[in-house]
$ cat final23.txt   # compact mmCIF, C-alpha atoms and all ligand atoms
# COMPACT_ATOMS: atom_id res chain seq x y z
CA MET A 1 0.00 0.00 0.00
CA LYS A 2 1.30 3.42 -0.93
CA THR A 3 1.74 5.73 2.02
CA THR A 4 2.62 9.39 2.06
CA ALA A 5 4.46 11.09 4.89
CA PRO A 6 2.04 13.11 7.00
CA LYS A 7 2.37 16.85 6.43
CA ARG A 8 3.05 18.90 9.54
CA PRO A 9 0.15 21.18 10.44
CA LEU A 10 0.72 24.87 9.69
CA VAL A 11 0.80 26.32 13.20
CA GLY A 12 2.77 29.10 14.78
CA ALA A 13 2.71 32.07 17.12
CA HIS A 14 3.61 35.73 17.24
CA PHE A 15 7.30 35.99 18.15
CA SER A 16 9.44 38.85 19.41
CA VAL A 17 12.04 40.37 17.11
CA SER A 18 14.22 41.67 19.92
CA GLY A 19 17.84 41.09 18.93
CA GLY A 20 16.96 41.11 15.23
CA LEU A 21 14.13 40.06 12.94
CA HIS A 22 15.81 36.70 12.29
CA LYS A 23 15.64 35.91 16.03
CA ALA A 24 11.91 35.36 15.66
CA LEU A 25 12.60 32.61 13.12
CA GLU A 26 14.99 30.94 15.57
CA SER A 27 12.33 31.06 18.30
CA ALA A 28 9.64 29.74 15.95
CA SER A 29 11.90 26.89 14.93
CA GLU A 30 12.73 26.02 18.56
CA TYR A 31 9.02 25.78 19.26
CA GLY A 32 8.56 23.47 16.27
CA CYS A 33 6.44 26.03 14.40
CA THR A 34 5.76 25.89 10.66
CA ALA A 35 4.35 29.44 10.61
CA MET A 36 4.86 32.68 12.55
CA GLN A 37 3.94 36.31 12.89
CA ILE A 38 6.15 39.28 13.74
CA PHE A 39 6.15 43.05 13.88
CA THR A 40 8.74 44.36 11.44
CA ALA A 41 8.72 47.73 13.28
CA ASN A 42 7.68 48.95 16.71
CA ALA A 43 3.92 48.33 16.84
CA ARG A 44 3.16 51.20 19.21
CA THR A 45 5.06 54.14 17.72
CA TRP A 46 5.14 55.97 14.39
CA LYS A 47 8.91 55.73 14.34
CA PRO A 48 9.92 54.58 10.87
CA LYS A 49 12.12 51.51 10.71
CA LYS A 50 14.63 51.08 7.91
CA LEU A 51 15.96 47.65 7.17
CA THR A 52 19.67 47.21 6.62
CA ALA A 53 21.14 44.78 4.07
CA ASP A 54 22.28 42.69 7.06
CA ASP A 55 18.71 42.51 8.43
CA ILE A 56 17.46 41.27 5.07
CA ASP A 57 20.29 38.77 4.60
CA ALA A 58 19.96 37.35 8.13
CA PHE A 59 16.20 36.97 7.70
CA ALA A 60 16.57 35.24 4.33
CA ALA A 61 19.16 32.87 5.81
CA GLY A 62 16.85 32.18 8.76
CA CYS A 63 13.96 31.31 6.43
CA GLU A 64 16.25 28.97 4.50
CA GLN A 65 17.59 27.26 7.63
CA THR A 66 14.26 26.84 9.40
CA GLY A 67 12.16 26.14 6.30
CA ILE A 68 9.50 28.50 7.68
CA LYS A 69 7.70 30.19 4.81
CA GLU A 70 4.25 30.95 6.18
CA ILE A 71 5.07 34.30 7.75
CA ALA A 72 2.79 37.21 8.55
CA SER A 73 3.79 40.69 9.50
CA HIS A 74 1.29 42.50 11.72
CA THR A 75 0.98 46.22 11.03
CA ALA A 76 1.42 48.79 13.82
CA TYR A 77 -1.61 49.31 16.06
CA LEU A 78 -1.55 53.07 15.46
CA ILE A 79 -2.40 52.71 11.79
CA ASN A 80 -5.96 53.85 11.10
CA LEU A 81 -6.77 54.20 7.42
CA ALA A 82 -10.28 55.40 8.35
CA ALA A 83 -9.01 58.20 10.59
CA PRO A 84 -10.99 61.43 10.09
CA ASP A 85 -7.95 63.38 11.37
CA PRO A 86 -5.87 64.19 8.27
CA THR A 87 -2.53 63.97 10.13
CA VAL A 88 -3.31 60.52 11.54
CA HIS A 89 -4.60 59.38 8.16
CA GLU A 90 -1.50 60.58 6.34
CA ARG A 91 0.82 58.95 8.88
CA SER A 92 -1.20 55.73 8.64
CA CYS A 93 -0.89 55.59 4.86
CA ALA A 94 2.86 56.27 5.05
CA ALA A 95 3.32 53.60 7.73
CA LEU A 96 1.39 50.98 5.75
CA LYS A 97 3.42 51.78 2.64
CA GLU A 98 6.63 51.31 4.62
CA GLU A 99 5.29 48.05 6.04
CA LEU A 100 4.50 46.68 2.58
CA ASN A 101 7.95 47.68 1.38
CA ARG A 102 9.69 46.07 4.37
CA SER A 103 7.66 42.87 4.01
CA THR A 104 8.45 42.72 0.31
CA ALA A 105 12.18 43.16 1.03
CA LEU A 106 11.97 40.31 3.58
CA SER A 107 9.87 38.10 1.24
CA ILE A 108 7.14 37.97 3.90
CA PRO A 109 4.01 36.78 2.09
CA TYR A 110 1.30 38.32 4.32
CA VAL A 111 0.74 41.71 5.93
CA VAL A 112 -2.12 41.76 8.45
CA LEU A 113 -4.06 44.99 8.89
CA HIS A 114 -6.85 45.99 11.25
CA PRO A 115 -9.03 47.85 8.73
CA GLY A 116 -9.54 50.92 10.94
CA SER A 117 -11.92 52.88 13.15
CA HIS A 118 -14.24 55.52 11.74
CA LYS A 119 -14.37 57.43 15.07
CA ASP A 120 -17.58 59.40 14.60
CA SER A 121 -17.50 59.76 10.81
CA GLY A 122 -19.76 56.75 10.18
CA MET A 123 -19.27 53.24 8.84
CA ASP A 124 -19.74 54.07 5.14
CA VAL A 125 -17.36 57.04 5.18
CA GLY A 126 -14.82 54.97 7.11
CA MET A 127 -14.96 52.03 4.70
CA GLU A 128 -14.65 54.34 1.71
CA LYS A 129 -11.59 55.97 3.25
CA ILE A 130 -9.97 52.59 3.94
CA THR A 131 -10.54 51.20 0.44
CA ASP A 132 -9.49 54.43 -1.33
CA SER A 133 -6.32 54.55 0.78
CA ILE A 134 -5.40 50.93 0.05
CA ARG A 135 -5.94 51.39 -3.69
CA ARG A 136 -3.72 54.47 -3.67
CA ILE A 137 -1.03 52.80 -1.57
CA PHE A 138 -0.88 49.81 -3.94
CA ASP A 139 -0.47 52.22 -6.86
CA GLU A 140 2.52 53.71 -5.05
CA VAL A 141 4.14 50.37 -4.14
CA SER A 142 3.63 48.58 -7.42
CA SER A 143 6.53 46.21 -6.76
CA CYS A 144 4.89 44.91 -3.56
CA THR A 145 4.80 41.11 -3.40
CA ALA A 146 3.17 40.82 0.05
CA ARG A 147 -0.57 40.17 0.23
CA LEU A 148 -2.48 42.64 2.39
CA LEU A 149 -4.93 40.83 4.67
CA LEU A 150 -7.89 42.62 6.23
CA GLU A 151 -8.34 41.20 9.70
CA THR A 152 -11.81 40.47 11.07
CA THR A 153 -12.27 42.62 14.17
CA ALA A 154 -14.23 42.35 17.42
CA GLY A 155 -16.09 45.58 16.66
CA GLN A 156 -14.84 47.51 19.68
CA GLY A 157 -15.81 51.19 19.61
CA SER A 158 -16.05 52.35 16.00
CA GLY A 159 -13.88 49.52 14.69
CA ILE A 160 -14.61 48.45 11.11
CA GLY A 161 -14.48 44.85 9.89
CA HIS A 162 -16.57 43.03 12.51
CA THR A 163 -19.06 41.64 10.02
CA PHE A 164 -18.26 39.39 7.09
CA GLU A 165 -20.31 41.78 4.93
CA GLN A 166 -18.00 44.69 5.78
CA ILE A 167 -14.92 42.61 4.93
CA ALA A 168 -16.46 41.47 1.62
CA GLU A 169 -17.49 45.01 0.72
CA MET A 170 -14.02 46.40 1.39
CA LEU A 171 -12.32 43.67 -0.66
CA GLU A 172 -14.71 44.34 -3.50
CA LYS A 173 -14.16 48.10 -3.37
CA ILE A 174 -10.38 47.67 -3.34
CA GLY A 175 -10.86 45.48 -6.40
CA MET A 176 -7.36 43.94 -6.35
CA PRO A 177 -8.00 40.28 -5.46
CA GLU A 178 -4.46 39.29 -6.40
CA LYS A 179 -3.07 41.64 -3.73
CA THR A 180 -5.58 41.26 -0.91
CA GLY A 181 -7.04 38.60 1.37
CA VAL A 182 -8.44 37.99 4.83
CA CYS A 183 -7.03 37.14 8.24
CA LEU A 184 -9.75 35.57 10.37
CA ASP A 185 -9.27 35.96 14.12
CA THR A 186 -11.27 33.38 16.07
CA SER A 187 -11.51 35.50 19.25
CA HIS A 188 -12.56 38.58 17.28
CA ILE A 189 -15.32 36.88 15.28
CA PHE A 190 -16.62 35.25 18.47
CA ALA A 191 -16.75 38.60 20.27
CA ALA A 192 -18.38 40.08 17.16
CA GLY A 193 -21.21 37.53 17.37
CA TYR A 194 -20.17 34.57 15.19
CA ASP A 195 -20.51 31.40 17.24
CA ILE A 196 -18.03 28.54 16.75
CA ARG A 197 -18.40 26.76 20.13
CA THR A 198 -19.93 23.53 18.82
CA PRO A 199 -19.38 21.58 15.58
CA LYS A 200 -22.82 22.78 14.45
CA THR A 201 -22.25 26.49 15.07
CA TYR A 202 -18.71 26.20 13.69
CA GLU A 203 -20.05 24.76 10.43
CA ARG A 204 -22.68 27.48 10.23
CA THR A 205 -20.16 30.28 10.76
CA LEU A 206 -17.70 28.83 8.26
CA ALA A 207 -20.48 28.43 5.69
CA GLU A 208 -21.50 32.04 6.28
CA PHE A 209 -17.92 33.21 5.81
CA ASP A 210 -17.69 31.18 2.62
CA ARG A 211 -20.96 32.53 1.26
CA ILE A 212 -20.24 36.19 2.05
CA VAL A 213 -16.45 36.53 1.77
CA GLY A 214 -15.30 33.25 0.21
CA LEU A 215 -12.94 30.68 1.73
CA ASP A 216 -10.62 31.31 -1.22
CA GLN A 217 -9.97 34.77 0.28
CA LEU A 218 -8.78 33.33 3.60
CA SER A 219 -4.99 33.42 3.94
CA VAL A 220 -4.26 33.37 7.69
CA ILE A 221 -6.13 32.39 10.86
CA HIS A 222 -5.33 34.07 14.18
CA ILE A 223 -6.13 31.21 16.50
CA ASN A 224 -7.05 32.58 19.94
CA ASP A 225 -9.58 31.72 22.59
CA SER A 226 -11.56 34.65 24.01
CA LYS A 227 -11.61 36.11 27.53
CA SER A 228 -14.65 38.14 26.60
CA ASP A 229 -18.18 36.87 26.09
CA PHE A 230 -19.90 35.86 22.89
CA GLY A 231 -21.14 38.99 21.09
CA SER A 232 -19.50 41.30 23.67
CA ARG A 233 -17.53 43.16 20.99
CA VAL A 234 -14.60 43.28 23.40
CA ASP A 235 -11.21 42.17 22.05
CA ARG A 236 -9.41 40.06 24.68
CA HIS A 237 -7.42 36.98 23.76
CA GLU A 238 -7.17 33.89 25.97
CA HIS A 239 -5.14 30.67 25.91
CA ILE A 240 -6.57 27.82 23.83
CA GLY A 241 -9.29 25.99 25.74
CA TYR A 242 -9.21 28.40 28.70
CA GLY A 243 -11.65 30.98 27.35
CA LYS A 244 -15.28 31.46 26.45
CA ILE A 245 -14.90 29.71 23.06
CA GLY A 246 -13.67 26.41 24.49
CA ILE A 247 -11.63 23.55 23.11
CA ASP A 248 -14.21 22.01 20.75
CA ALA A 249 -14.00 24.90 18.28
CA PHE A 250 -10.25 24.48 17.99
CA GLY A 251 -10.67 20.77 17.33
CA CYS A 252 -13.03 21.66 14.48
CA ILE A 253 -10.51 24.12 13.01
CA MET A 254 -7.45 21.88 13.34
CA CYS A 255 -9.28 18.93 11.76
CA ASP A 256 -10.99 20.85 8.95
CA PRO A 257 -9.44 19.77 5.62
CA ARG A 258 -10.67 23.05 4.05
CA LEU A 259 -8.29 24.90 6.37
CA SER A 260 -5.30 22.56 6.22
CA LYS A 261 -3.30 24.93 3.98
CA ILE A 262 -4.09 28.02 6.07
CA PRO A 263 -1.45 28.98 8.66
CA LYS A 264 -2.92 29.17 12.17
CA ILE A 265 -1.07 31.65 14.32
CA LEU A 266 -1.44 32.17 18.08
CA GLU A 267 -1.64 35.69 19.45
CA THR A 268 -1.90 34.87 23.12
CA PRO A 269 0.31 36.45 25.79
CA ASN A 270 3.51 34.59 26.71
CA PRO A 271 5.05 36.69 29.50
CA LYS A 272 8.48 35.77 30.83
CA GLY A 273 8.49 34.26 34.30
CA GLU A 274 5.17 32.49 33.81
CA LYS A 275 4.40 29.10 32.29
CA ASP A 276 5.56 28.81 28.67
CA TRP A 277 2.10 29.43 27.25
CA ASP A 278 3.24 29.37 23.62
CA LYS A 279 4.53 25.86 24.16
CA ILE A 280 1.35 24.78 25.95
CA ASN A 281 -0.97 26.32 23.35
CA LEU A 282 0.99 24.83 20.44
CA GLN A 283 0.92 21.40 22.08
CA THR A 284 -2.81 21.74 22.61
CA LEU A 285 -3.39 22.62 18.96
CA LEU A 286 -1.21 19.76 17.72
CA SER A 287 -2.90 17.31 20.07
CA LEU A 288 -6.18 18.15 18.33
CA THR A 289 -4.84 17.10 14.95
CA SER A 290 -4.15 13.45 15.69
CA ARG A 291 -5.73 11.24 13.09
CA ALA A 292 -8.05 9.51 15.57
CA LYS A 293 -9.31 12.83 16.92
CA CYS A 294 -9.99 14.26 13.47
CA SER A 295 -11.83 11.23 12.15
CA LYS A 296 -13.86 11.08 15.37
CA ASP A 297 -14.82 14.73 15.04
CA ARG A 298 -16.00 14.25 11.49
CA SER A 299 -18.06 11.15 12.19
ZN ZN A 301 -5.53 38.92 15.58

$ encode --input "final23.txt" --output "structure tokens"
Amino acid sequence: MKTTAPKRPLVGAHFSVSGGLHKALESASEYGCTAMQIFTANARTWKPKKLTADDIDAFAAGCEQTGIKEIASHTAYLINLAAPDPTVHERSCAALKEELNRSTALSIPYVVLHPGSHKDSGMDVGMEKITDSIRRIFDEVSSCTARLLLETTAGQGSGIGHTFEQIAEMLEKIGMPEKTGVCLDTSHIFAAGYDIRTPKTYERTLAEFDRIVGLDQLSVIHINDSKSDFGSRVDRHEHIGYGKIGIDAFGCIMCDPRLSKIPKILETPNPKGEKDWDKINLQTLLSLTSRAKCSKDRS
């Protein structure tokens, strides 16, 4: 009987780049990850970050050595393409442009963006501003090879992107399917009111995503449990199986053949001096992918 070697599941976490961008690849590899996420610049300041030739070379060598290709760069939290304030908007556009350029230089395939917050300018005005800005930015960085992923949000405050309809509308208005995609965050969609707690609700939510956005648009999953309640619209991540979503949902995701090629990246806190939560969460996710578990879940 012909057998094929089992493929390793595409799982990873967000890793620190302190000591150099390539250090994150070393950490990811030590944890046995096949995917990872990083910030290529400080996520909480506007300070521009220029890459040196050494940064780029070390990162390329790290990718080669570790074999990790499924890499996402998360944009700075300050970026708000829907900002009514012209200064904030201008800085946001400049920062996203820089991010796309850095990710292209590092051959990072995905750039994850929180679409933005309209403040009090209204949802339609905000979405228009986001899609116009992205179209213009792509015109200015025509050599960009990174795919820009709109992340589903929890819908805190005036945050945009908490319904699948909003995500679909923005992708359509940008009108550049070869350059865009979606990052689905499990804790955000749960807080936004999409239930995934049981196999039945999981199937319903995935079908809804497929119908409205399209599974072919999905490039990355942020795999987090949620500290906050279903439909609370509060964005608070929790360790896998310890939150309000619960372990069953993650079993559904890890065993779903439709998602086997989508990198699943943890964004849960891993503070020094505590238990190694990245290790624990990764082990939990991998334990859900054993053949017996997956076939049981599907029966
Ligand atoms: Zn996320």

$ residues_near_ligand --input "final23.txt" --ligand "ligand ZN 301 (chain A)" --cutoff "7 Å" --atoms "all atoms listed in the file" --output "MDAnalysis selection string"
chainID A and resid 151 185 222 267

$ residues_around --input "final23.txt" --residues "range 123-129 of chain A" --least-positions-apart "3" --cutoff "10 Å" --atoms "all atoms listed in the file" --output "PDB file with C-alpha atoms, in the coordinates of the input"
ATOM      1  CA  ASN A  80      -5.960  53.850  11.100  1.00  0.00           C
ATOM      2  CA  LEU A  81      -6.770  54.200   7.420  1.00  0.00           C
ATOM      3  CA  ALA A  82     -10.280  55.400   8.350  1.00  0.00           C
ATOM      4  CA  ALA A  83      -9.010  58.200  10.590  1.00  0.00           C
ATOM      5  CA  PRO A  84     -10.990  61.430  10.090  1.00  0.00           C
ATOM      6  CA  HIS A  89      -4.600  59.380   8.160  1.00  0.00           C
ATOM      7  CA  PRO A 115      -9.030  47.850   8.730  1.00  0.00           C
ATOM      8  CA  GLY A 116      -9.540  50.920  10.940  1.00  0.00           C
ATOM      9  CA  SER A 117     -11.920  52.880  13.150  1.00  0.00           C
ATOM     10  CA  HIS A 118     -14.240  55.520  11.740  1.00  0.00           C
ATOM     11  CA  LYS A 119     -14.370  57.430  15.070  1.00  0.00           C
ATOM     12  CA  ASP A 120     -17.580  59.400  14.600  1.00  0.00           C
ATOM     13  CA  ASP A 132      -9.490  54.430  -1.330  1.00  0.00           C
ATOM     14  CA  SER A 133      -6.320  54.550   0.780  1.00  0.00           C
ATOM     15  CA  ILE A 134      -5.400  50.930   0.050  1.00  0.00           C
ATOM     16  CA  SER A 158     -16.050  52.350  16.000  1.00  0.00           C
ATOM     17  CA  GLY A 159     -13.880  49.520  14.690  1.00  0.00           C
ATOM     18  CA  ILE A 160     -14.610  48.450  11.110  1.00  0.00           C
ATOM     19  CA  GLY A 161     -14.480  44.850   9.890  1.00  0.00           C
ATOM     20  CA  GLN A 166     -18.000  44.690   5.780  1.00  0.00           C
ATOM     21  CA  ILE A 167     -14.920  42.610   4.930  1.00  0.00           C
ATOM     22  CA  GLU A 169     -17.490  45.010   0.720  1.00  0.00           C
ATOM     23  CA  MET A 170     -14.020  46.400   1.390  1.00  0.00           C
ATOM     24  CA  LYS A 173     -14.160  48.100  -3.370  1.00  0.00           C
ATOM     25  CA  ILE A 174     -10.380  47.670  -3.340  1.00  0.00           C
TER      26      ILE A 174
END

$ atom_distance --input "final23.txt" --atom1 "CA of Trp277 in chain A" --atom2 "CA of Tyr31 in chain A"
11.2 Å

$ residues_around --input "final23.txt" --residues "Ser226 in chain A" --least-positions-apart "3" --cutoff "8 Å" --atoms "only C-alpha atoms" --output "PyMOL selection string"
chain A and resi 187-188+190-191+229+235-239+243-245

$ atom_distance --input "final23.txt" --atom1 "CA of Leu96 in chain A" --atom2 "CA of Ala61 in chain A"
25.4 Å

$ atom_distance --input "final23.txt" --atom1 "CA of Gly214 in chain A" --atom2 "CA of Arg135 in chain A"
20.8 Å

$ residues_around --input "final23.txt" --residues "Thr34 in chain A" --least-positions-apart "2" --cutoff "12 Å" --atoms "only C-alpha atoms" --output "PyMOL selection string"
chain A and resi 7-13+25-32+36-37+63+66-72+261-265+282+286

$ write_last_selection --input "final23.txt" --atoms "C-alpha atoms" --output "compact mmCIF listing (two decimals), keeping the file's coordinate frame"
# COMPACT_ATOMS: atom_id res chain seq x y z
CA LYS A 7 2.37 16.85 6.43
CA ARG A 8 3.05 18.90 9.54
CA PRO A 9 0.15 21.18 10.44
CA LEU A 10 0.72 24.87 9.69
CA VAL A 11 0.80 26.32 13.20
CA GLY A 12 2.77 29.10 14.78
CA ALA A 13 2.71 32.07 17.12
CA LEU A 25 12.60 32.61 13.12
CA GLU A 26 14.99 30.94 15.57
CA SER A 27 12.33 31.06 18.30
CA ALA A 28 9.64 29.74 15.95
CA SER A 29 11.90 26.89 14.93
CA GLU A 30 12.73 26.02 18.56
CA TYR A 31 9.02 25.78 19.26
CA GLY A 32 8.56 23.47 16.27
CA MET A 36 4.86 32.68 12.55
CA GLN A 37 3.94 36.31 12.89
CA CYS A 63 13.96 31.31 6.43
CA THR A 66 14.26 26.84 9.40
CA GLY A 67 12.16 26.14 6.30
CA ILE A 68 9.50 28.50 7.68
CA LYS A 69 7.70 30.19 4.81
CA GLU A 70 4.25 30.95 6.18
CA ILE A 71 5.07 34.30 7.75
CA ALA A 72 2.79 37.21 8.55
CA LYS A 261 -3.30 24.93 3.98
CA ILE A 262 -4.09 28.02 6.07
CA PRO A 263 -1.45 28.98 8.66
CA LYS A 264 -2.92 29.17 12.17
CA ILE A 265 -1.07 31.65 14.32
CA LEU A 282 0.99 24.83 20.44
CA LEU A 286 -1.21 19.76 17.72

$ closest_residue --input "final23.txt" --among "A:Leu171, A:Leu288, A:Val112, A:Ala249" --to "Thr205 in chain A" --atoms "all atoms listed in the file"
A:Ala249

$ closest_residue --input "final23.txt" --among "A:Gly155, A:Leu106, A:Pro271, A:His162" --to "Ala60 in chain A" --atoms "only C-alpha atoms"
A:Leu106

$ axis_aligned_box --input "final23.txt" --around "range 218-234 of chain A" --padding-each-side "5 Å" --output "AutoDock Vina command-line options"
--center_x -12.7 --center_y 37.2 --center_z 15.6 --size_x 26.9 --size_y 22.1 --size_z 33.9

$ closest_residue --input "final23.txt" --among "A:Cys144, A:Leu259, A:Ile56, A:Ala43" --to "Leu113 in chain A" --atoms "all atoms listed in the file"
A:Ala43

$ residues_around --input "final23.txt" --residues "Ile212 in chain A" --least-positions-apart "3" --cutoff "8 Å" --atoms "all atoms listed in the file" --output "PyMOL selection string"
chain A and resi 164-165+168+208-209

$ closest_residue --input "final23.txt" --among "A:Tyr194, A:Tyr77, A:Phe138, A:Trp46" --to "Asn101 in chain A" --atoms "only C-alpha atoms"
A:Phe138

$ decode --input "final23.txt" --residues "range 213-224 of chain A" --atoms "N, CA and C atoms" --output "PDB file, in the first residue's frame"
ATOM      1  N   VAL A 213     -17.819  36.084   2.121  1.00  0.00           N
ATOM      2  CA  VAL A 213     -16.447  36.529   1.775  1.00  0.00           C
ATOM      3  C   VAL A 213     -15.809  35.564   0.781  1.00  0.00           C
ATOM      4  N   GLY A 214     -15.926  34.266   1.064  1.00  0.00           N
ATOM      5  CA  GLY A 214     -15.301  33.246   0.215  1.00  0.00           C
ATOM      6  C   GLY A 214     -14.089  32.643   0.904  1.00  0.00           C
ATOM      7  N   LEU A 215     -14.092  31.324   1.076  1.00  0.00           N
ATOM      8  CA  LEU A 215     -12.938  30.682   1.728  1.00  0.00           C
ATOM      9  C   LEU A 215     -11.664  30.862   0.920  1.00  0.00           C
ATOM     10  N   ASP A 216     -11.807  31.086  -0.390  1.00  0.00           N
ATOM     11  CA  ASP A 216     -10.619  31.309  -1.225  1.00  0.00           C
ATOM     12  C   ASP A 216      -9.920  32.630  -0.879  1.00  0.00           C
ATOM     13  N   GLN A 217     -10.585  33.499  -0.126  1.00  0.00           N
ATOM     14  CA  GLN A 217      -9.973  34.768   0.284  1.00  0.00           C
ATOM     15  C   GLN A 217      -9.176  34.620   1.586  1.00  0.00           C
ATOM     16  N   LEU A 218      -9.376  33.502   2.272  1.00  0.00           N
ATOM     17  CA  LEU A 218      -8.783  33.326   3.599  1.00  0.00           C
ATOM     18  C   LEU A 218      -7.315  32.903   3.483  1.00  0.00           C
ATOM     19  N   SER A 219      -6.423  33.717   4.039  1.00  0.00           N
ATOM     20  CA  SER A 219      -4.988  33.417   3.943  1.00  0.00           C
ATOM     21  C   SER A 219      -4.349  33.047   5.271  1.00  0.00           C
ATOM     22  N   VAL A 220      -4.852  33.627   6.367  1.00  0.00           N
ATOM     23  CA  VAL A 220      -4.257  33.374   7.693  1.00  0.00           C
ATOM     24  C   VAL A 220      -5.393  33.292   8.716  1.00  0.00           C
ATOM     25  N   ILE A 221      -5.213  32.422   9.719  1.00  0.00           N
ATOM     26  CA  ILE A 221      -6.134  32.393  10.862  1.00  0.00           C
ATOM     27  C   ILE A 221      -5.350  32.794  12.110  1.00  0.00           C
ATOM     28  N   HIS A 222      -5.856  33.786  12.844  1.00  0.00           N
ATOM     29  CA  HIS A 222      -5.326  34.069  14.182  1.00  0.00           C
ATOM     30  C   HIS A 222      -6.120  33.188  15.123  1.00  0.00           C
ATOM     31  N   ILE A 223      -5.436  32.225  15.730  1.00  0.00           N
ATOM     32  CA  ILE A 223      -6.134  31.207  16.504  1.00  0.00           C
ATOM     33  C   ILE A 223      -6.016  31.521  17.997  1.00  0.00           C
ATOM     34  N   ASN A 224      -7.043  32.148  18.537  1.00  0.00           N
ATOM     35  CA  ASN A 224      -7.046  32.584  19.935  1.00  0.00           C
ATOM     36  C   ASN A 224      -8.380  32.225  20.563  1.00  0.00           C
TER      37      ASN A 224
END
